[in-house]
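So this block is my_file_7.cif, mmCIF, C-alpha atoms:
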```cif
data_start
#
loop_
_atom_site.label_atom_id
_atom_site.label_comp_id
_atom_site.auth_asym_id
_atom_site.auth_seq_id
_atom_site.Cartn_x
_atom_site.Cartn_y
_atom_site.Cartn_z
CA MET A 204 -42.14 -30.91 123.02
CA ALA A 205 -38.85 -28.96 122.92
CA LEU A 206 -40.73 -25.74 122.21
CA ARG A 207 -42.58 -25.75 125.53
CA PRO A 208 -39.52 -24.89 127.70
CA LEU A 209 -38.42 -22.35 125.09
CA PHE A 210 -41.89 -20.78 125.05
CA LEU A 211 -41.99 -20.67 128.86
CA SER A 212 -38.53 -19.06 128.99
CA ALA A 213 -39.59 -16.42 126.47
CA LEU A 214 -42.80 -15.77 128.40
CA LEU A 215 -40.91 -15.33 131.69
CA ALA A 216 -38.32 -13.10 130.04
CA SER A 217 -41.04 -10.78 128.74
CA SER A 218 -43.16 -10.77 131.91
CA THR A 219 -42.80 -8.27 134.70
CA PHE A 220 -44.55 -8.20 138.05
CA ALA A 221 -45.19 -5.21 140.27
CA TYR A 222 -43.22 -5.74 143.45
CA ALA A 223 -42.33 -4.11 146.74
CA GLY A 224 -38.94 -4.27 148.44
CA GLN A 225 -38.10 -3.34 152.02
CA ASP A 226 -35.59 -3.93 154.77
CA LEU A 227 -36.48 -6.82 157.06
CA VAL A 228 -35.06 -7.16 160.58
CA TYR A 229 -34.83 -10.73 161.89
CA HIS A 230 -32.60 -12.44 164.45
CA ASP A 231 -30.15 -15.26 165.02
CA GLY A 232 -30.58 -15.66 168.77
CA LYS A 233 -30.01 -12.15 170.13
CA THR A 234 -28.09 -10.94 167.09
CA PRO A 235 -30.13 -8.56 164.91
CA LEU A 236 -29.81 -9.11 161.17
CA THR A 237 -31.16 -6.74 158.52
CA GLY A 238 -31.99 -8.34 155.20
CA TYR A 239 -33.94 -7.07 152.21
CA LEU A 240 -37.26 -8.70 151.26
CA ALA A 241 -38.78 -8.30 147.79
CA GLU A 242 -42.28 -9.63 147.11
CA PRO A 243 -44.66 -9.36 144.18
CA ALA A 244 -47.17 -6.62 145.07
CA GLN A 245 -50.22 -8.65 144.05
CA ALA A 246 -49.05 -11.88 145.64
CA SER A 247 -51.77 -14.35 146.44
CA GLY A 248 -51.28 -17.88 147.62
CA LYS A 249 -47.91 -19.52 148.10
CA LEU A 250 -45.04 -18.63 145.75
CA PRO A 251 -41.57 -20.02 145.07
CA ALA A 252 -38.85 -18.15 146.95
CA VAL A 253 -35.12 -17.47 146.74
CA LEU A 254 -32.71 -16.78 149.60
CA ILE A 255 -29.72 -14.72 148.43
CA ILE A 256 -26.48 -14.77 150.42
CA HIS A 257 -24.13 -11.84 149.99
CA GLN A 258 -20.44 -11.71 149.07
CA TRP A 259 -17.69 -10.92 151.59
CA LEU A 260 -18.44 -7.18 151.85
CA GLY A 261 -21.85 -7.92 153.34
CA LEU A 262 -25.31 -7.06 152.08
CA THR A 263 -25.05 -4.39 149.37
CA ASP A 264 -27.21 -2.84 146.68
CA TYR A 265 -26.09 -5.65 144.34
CA GLU A 266 -27.86 -8.38 146.30
CA LYS A 267 -30.87 -6.12 146.91
CA GLY A 268 -31.04 -5.53 143.16
CA ARG A 269 -31.03 -9.28 142.55
CA ALA A 270 -33.89 -9.70 145.04
CA ASP A 271 -35.83 -7.00 143.19
CA GLN A 272 -35.04 -8.67 139.87
CA ILE A 273 -36.30 -12.06 141.07
CA ALA A 274 -39.55 -10.53 142.35
CA LYS A 275 -40.05 -8.37 139.26
CA GLU A 276 -39.11 -10.83 136.52
CA LEU A 277 -40.10 -14.18 138.02
CA GLY A 278 -42.84 -13.20 140.45
CA TYR A 279 -41.07 -15.01 143.32
CA VAL A 280 -40.47 -13.84 146.87
CA SER A 281 -36.81 -13.14 147.56
CA LEU A 282 -34.79 -12.32 150.66
CA ALA A 283 -31.27 -10.93 150.44
CA ALA A 284 -30.01 -12.25 153.78
CA ASP A 285 -27.66 -10.57 156.23
CA ILE A 286 -25.03 -12.97 157.55
CA TYR A 287 -22.87 -10.41 159.38
CA GLY A 288 -25.39 -8.33 161.34
CA PRO A 289 -23.67 -5.45 163.15
CA ASP A 290 -20.25 -7.01 162.43
CA ARG A 291 -20.09 -5.65 158.81
CA PRO A 292 -16.76 -4.62 157.36
CA SER A 293 -16.63 -0.90 156.59
CA GLU A 294 -14.08 -1.38 153.80
CA ALA A 295 -12.68 -4.11 151.57
CA SER A 296 -9.47 -4.43 153.61
CA GLN A 297 -11.57 -5.73 156.56
CA ALA A 298 -13.76 -8.09 154.53
CA GLY A 299 -11.39 -11.06 154.56
CA ALA A 300 -11.18 -11.13 158.35
CA VAL A 301 -14.95 -10.80 158.81
CA ALA A 302 -15.75 -13.45 156.18
CA GLY A 303 -13.05 -15.71 157.66
CA LYS A 304 -14.84 -15.70 161.02
CA TYR A 305 -17.79 -17.49 159.39
CA LYS A 306 -15.79 -19.72 157.07
CA ASN A 307 -13.82 -20.93 160.09
CA ASP A 308 -16.97 -21.50 162.16
CA LEU A 309 -19.36 -23.37 159.89
CA GLN A 310 -21.86 -23.89 162.72
CA LEU A 311 -22.19 -20.11 163.10
CA TYR A 312 -22.32 -19.62 159.33
CA ARG A 313 -25.02 -22.28 158.98
CA ALA A 314 -26.99 -20.72 161.87
CA ARG A 315 -27.01 -17.37 160.06
CA VAL A 316 -28.11 -19.00 156.80
CA ARG A 317 -30.81 -20.90 158.71
CA ALA A 318 -32.00 -17.63 160.32
CA GLY A 319 -32.37 -16.08 156.86
CA LEU A 320 -34.22 -19.14 155.63
CA LYS A 321 -36.63 -18.98 158.59
CA ALA A 322 -37.22 -15.26 157.97
CA LEU A 323 -38.03 -16.02 154.33
CA GLN A 324 -40.34 -18.90 155.29
CA ALA A 325 -42.19 -16.55 157.64
CA SER A 326 -43.58 -14.58 154.68
CA PRO A 327 -47.23 -15.58 154.21
CA HIS A 328 -46.60 -15.75 150.45
CA VAL A 329 -43.75 -18.29 150.54
CA ASP A 330 -44.20 -21.95 149.64
CA PRO A 331 -41.82 -23.53 152.20
CA LYS A 332 -41.34 -26.58 149.96
CA ASN A 333 -40.19 -24.48 146.99
CA ILE A 334 -37.18 -22.44 148.15
CA ALA A 335 -33.80 -22.09 146.44
CA VAL A 336 -30.62 -20.61 147.91
CA ILE A 337 -28.10 -18.68 145.80
CA GLY A 338 -24.93 -16.93 146.81
CA TYR A 339 -21.98 -15.00 145.49
CA CYS A 340 -18.37 -15.81 146.48
CA PHE A 341 -18.55 -15.91 150.32
CA GLY A 342 -22.31 -16.35 149.87
CA GLY A 343 -21.80 -19.15 147.36
CA THR A 344 -20.09 -21.05 150.13
CA GLY A 345 -23.09 -20.32 152.38
CA ALA A 346 -25.47 -21.64 149.74
CA LEU A 347 -23.47 -24.88 149.60
CA GLU A 348 -23.56 -25.09 153.39
CA ALA A 349 -27.37 -24.88 153.29
CA ALA A 350 -27.41 -28.05 151.18
CA ARG A 351 -24.68 -29.73 153.24
CA ALA A 352 -26.59 -28.98 156.47
CA ASP A 353 -29.75 -30.60 155.08
CA MET A 354 -31.82 -27.42 155.27
CA PRO A 355 -35.31 -27.70 153.73
CA ILE A 356 -34.46 -26.29 150.30
CA LYS A 357 -35.16 -27.33 146.74
CA ALA A 358 -32.00 -26.15 144.92
CA VAL A 359 -28.69 -24.33 145.34
CA VAL A 360 -26.74 -22.14 142.94
CA THR A 361 -23.26 -21.01 143.93
CA PHE A 362 -21.50 -18.28 141.97
CA HIS A 363 -17.74 -18.33 142.57
CA GLY A 364 -18.12 -19.95 145.99
CA ALA A 365 -15.41 -21.91 147.79
CA LEU A 366 -16.06 -25.50 146.84
CA ALA A 367 -13.86 -27.41 149.32
CA TYR A 368 -15.65 -29.76 151.65
CA ALA A 369 -14.07 -31.74 154.45
CA GLY A 370 -16.65 -34.51 154.26
CA LYS A 371 -16.35 -37.23 151.66
CA ASP A 372 -20.01 -38.24 151.50
CA ARG A 373 -21.76 -36.16 148.85
CA SER A 374 -25.01 -38.03 149.49
CA ALA A 375 -25.49 -35.70 152.47
CA LEU A 376 -26.46 -32.90 150.07
CA SER A 377 -30.16 -32.19 150.51
CA ALA A 378 -30.68 -30.43 147.18
CA PRO A 379 -29.30 -30.35 143.65
CA VAL A 380 -26.37 -27.95 143.28
CA LEU A 381 -25.36 -25.84 140.29
CA ALA A 382 -21.81 -24.52 140.74
CA LEU A 383 -20.92 -21.66 138.40
CA HIS A 384 -17.22 -21.01 138.58
CA GLY A 385 -14.61 -19.38 136.34
CA ALA A 386 -11.82 -21.68 135.16
CA ASP A 387 -9.17 -18.97 135.62
CA ASP A 388 -10.16 -18.03 139.18
CA PRO A 389 -6.85 -17.53 141.07
CA PHE A 390 -8.42 -18.01 144.52
CA ILE A 391 -9.89 -21.49 144.13
CA LYS A 392 -7.46 -24.24 143.19
CA PRO A 393 -8.27 -26.40 140.14
CA ALA A 394 -8.29 -29.52 142.34
CA GLU A 395 -11.05 -27.95 144.44
CA VAL A 396 -13.10 -27.21 141.31
CA ASP A 397 -12.57 -30.80 140.10
#
```
How would this structure read if it were set down as structure tokens?
Amino acid sequence: MALRPLFLSALLASSTFAYAGQDLVYHDGKTPLTGYLAEPAQASGKLPAVLIIHQWLGLTDYEKGRADQIAKELGYVSLAADIYGPDRPSEASQAGAVAGKYKNDLQLYRARVRAGLKALQASPHVDPKNIAVIGYCFGGTGALEAARADMPIKAVVTFHGALAYAGKDRSALSAPVLALHGADDPFIKPAEVD
């Protein structure tokens, strides 16, 4: 019995799927957002999907590469979302202020995550009941907000995301959460991790 998951993991690790990646323009109200959609080239039927939320610099080649990797190695559809739209920081010194706008307005942040989720669900190859959300740093917080806002998702993985939550009721989470966080991170207090 224990060999089945190991066998499946080895099979997935050795499999590759032809895929196609391209920019995808979608909207939150009137705000244009430009994400990056990667889909298996020979997709047929409905597939699992992953929404990727970028770190504080905005959508970069890193997140696009992760979308490609998910499509190529797992055969899933993946959208690297754009939270900022035309409001992207042009350099790291501006990133804190731009990210802070969304972290201080969770309704706006959640609306942008929801817009990315809707854009991903619009793909004819996506199984809308089998979507995960992952995010890095600023995006890890967005992934958590997707679960806290009861969006229709199956799982969340946050990498180095801010973990604080004003609410006390964790039963409001709509999906299981895996929080991957370094113990020596100077930006997130140990009490927040606990």
Exercise. What do you get, as a VMD selection string, if you spell out every residue that the PyMOL selection byres ((chain A and resi 340-343) around 6) selects here?
Worked result: chain A and resid 256 to 259 338 to 339 344 to 346 361 to 364
Sorted by chain and rising residue number, which residues of stretch 208-306 of chain A lie within 9 Å of stretch 312-329 of chain A, and what are their closest atom pairs and distances in Å to one decimal, counting all atoms listed in the file, as a tab-separated table?
```
residue	atom	partner	partner_atom	distance
A:Leu227	CA	A:Ala322	CA	8.5
A:Val228	CA	A:Ala322	CA	8.8
A:Tyr229	CA	A:Ala322	CA	6.4
A:His230	CA	A:Ala318	CA	6.7
A:Asp231	CA	A:Ala318	CA	5.6
A:Gly232	CA	A:Ala318	CA	8.8
A:Leu236	CA	A:Gly319	CA	8.6
A:Gly238	CA	A:Gly319	CA	7.9
A:Leu240	CA	A:Leu323	CA	8.0
A:Glu242	CA	A:His328	CA	8.2
A:Ala246	CA	A:His328	CA	6.6
A:Ser247	CA	A:His328	CA	6.7
A:Gly248	CA	A:His328	CA	5.9
A:Lys249	CA	A:His328	CA	4.6
A:Leu250	CA	A:Val329	CA	5.0
A:Pro251	CA	A:Val329	CA	6.1
A:Ala252	CA	A:Val329	CA	6.1
A:Val253	CA	A:Leu323	CA	8.3
A:Leu254	CA	A:Leu320	CA	6.6
A:Ile255	CA	A:Gly319	CA	8.9
A:Ile256	CA	A:Val316	CA	7.8
A:Tyr279	CA	A:Val329	CA	8.4
A:Val280	CA	A:Val329	CA	6.6
A:Ser281	CA	A:Leu323	CA	7.5
A:Leu282	CA	A:Leu323	CA	6.1
A:Ala283	CA	A:Gly319	CA	8.3
A:Ala284	CA	A:Gly319	CA	5.5
A:Asp285	CA	A:Gly319	CA	7.3
A:Ile286	CA	A:Arg315	CA	5.4
A:Tyr287	CA	A:Arg315	CA	8.1
A:Lys304	CA	A:Tyr312	CA	8.6
A:Tyr305	CA	A:Tyr312	CA	5.0
A:Lys306	CA	A:Tyr312	CA	6.9
```
Could you take the residues named above and write them with C-alpha atoms, as a compact mmCIF listing (two decimals), in the frame of the given file?
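Full text of again-v1.txt as output:
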```
# COMPACT_ATOMS: atom_id res chain seq x y z
CA LEU A 227 -36.48 -6.82 157.06
CA VAL A 228 -35.06 -7.16 160.58
CA TYR A 229 -34.83 -10.73 161.89
CA HIS A 230 -32.60 -12.44 164.45
CA ASP A 231 -30.15 -15.26 165.02
CA GLY A 232 -30.58 -15.66 168.77
CA LEU A 236 -29.81 -9.11 161.17
CA GLY A 238 -31.99 -8.34 155.20
CA LEU A 240 -37.26 -8.70 151.26
CA GLU A 242 -42.28 -9.63 147.11
CA ALA A 246 -49.05 -11.88 145.64
CA SER A 247 -51.77 -14.35 146.44
CA GLY A 248 -51.28 -17.88 147.62
CA LYS A 249 -47.91 -19.52 148.10
CA LEU A 250 -45.04 -18.63 145.75
CA PRO A 251 -41.57 -20.02 145.07
CA ALA A 252 -38.85 -18.15 146.95
CA VAL A 253 -35.12 -17.47 146.74
CA LEU A 254 -32.71 -16.78 149.60
CA ILE A 255 -29.72 -14.72 148.43
CA ILE A 256 -26.48 -14.77 150.42
CA TYR A 279 -41.07 -15.01 143.32
CA VAL A 280 -40.47 -13.84 146.87
CA SER A 281 -36.81 -13.14 147.56
CA LEU A 282 -34.79 -12.32 150.66
CA ALA A 283 -31.27 -10.93 150.44
CA ALA A 284 -30.01 -12.25 153.78
CA ASP A 285 -27.66 -10.57 156.23
CA ILE A 286 -25.03 -12.97 157.55
CA TYR A 287 -22.87 -10.41 159.38
CA LYS A 304 -14.84 -15.70 161.02
CA TYR A 305 -17.79 -17.49 159.39
CA LYS A 306 -15.79 -19.72 157.07
```
Exercise. Hey, which of A:Asp387, A:Ile273, A:Ser377, A:Leu311 ends up closest to A:Ala352? Count all atoms listed in the file.
Worked result: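 Between A:Asp387, A:Ile273, A:Ser377, A:Leu311, the residue approaching A:Ala352 most closely is A:Ser377.
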Problem set entry | Length of the atom CA of A:Val396 to atom CA of A:Lys332 vector [Å] |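 These two atoms are separated by 29.5 Å.
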Exercise. Near A:Gly224, within 9 Å and counting all atoms listed in the file, which residues show up once chain neighbours fewer than 4 positions away are dropped, as a VMD selection string?
Worked result: chain A and resid 239 to 243 267 270 to 271 274
Seminar exercise, completed: Among A:Ala302, A:Ala367, A:Thr219, A:Leu376, A:Lys392 is approached most closely, using only C-alpha atoms, by A:Ala367
Problem set entry | Point-to-point distance in Å for atom CA of A:Val380 and atom CA of A:Lys357 |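 That distance, rounded to one decimal, is 9.5 Å.
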If you take every atom of stretch 278-284 of chain A that the file lists and fit an axis-aligned box around them with 8 Å extra on each side, what centre and edge lengths come out in Å to one decimal, as JSON?
```
{"center_x": -36.4, "center_y": -13.0, "center_z": 147.1, "size_x": 28.8, "size_y": 20.1, "size_z": 29.3}
```
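Taking atom CA of A:Ile391 as the reference point, atom CA of A:Leu366 is found at 7.8 Å.
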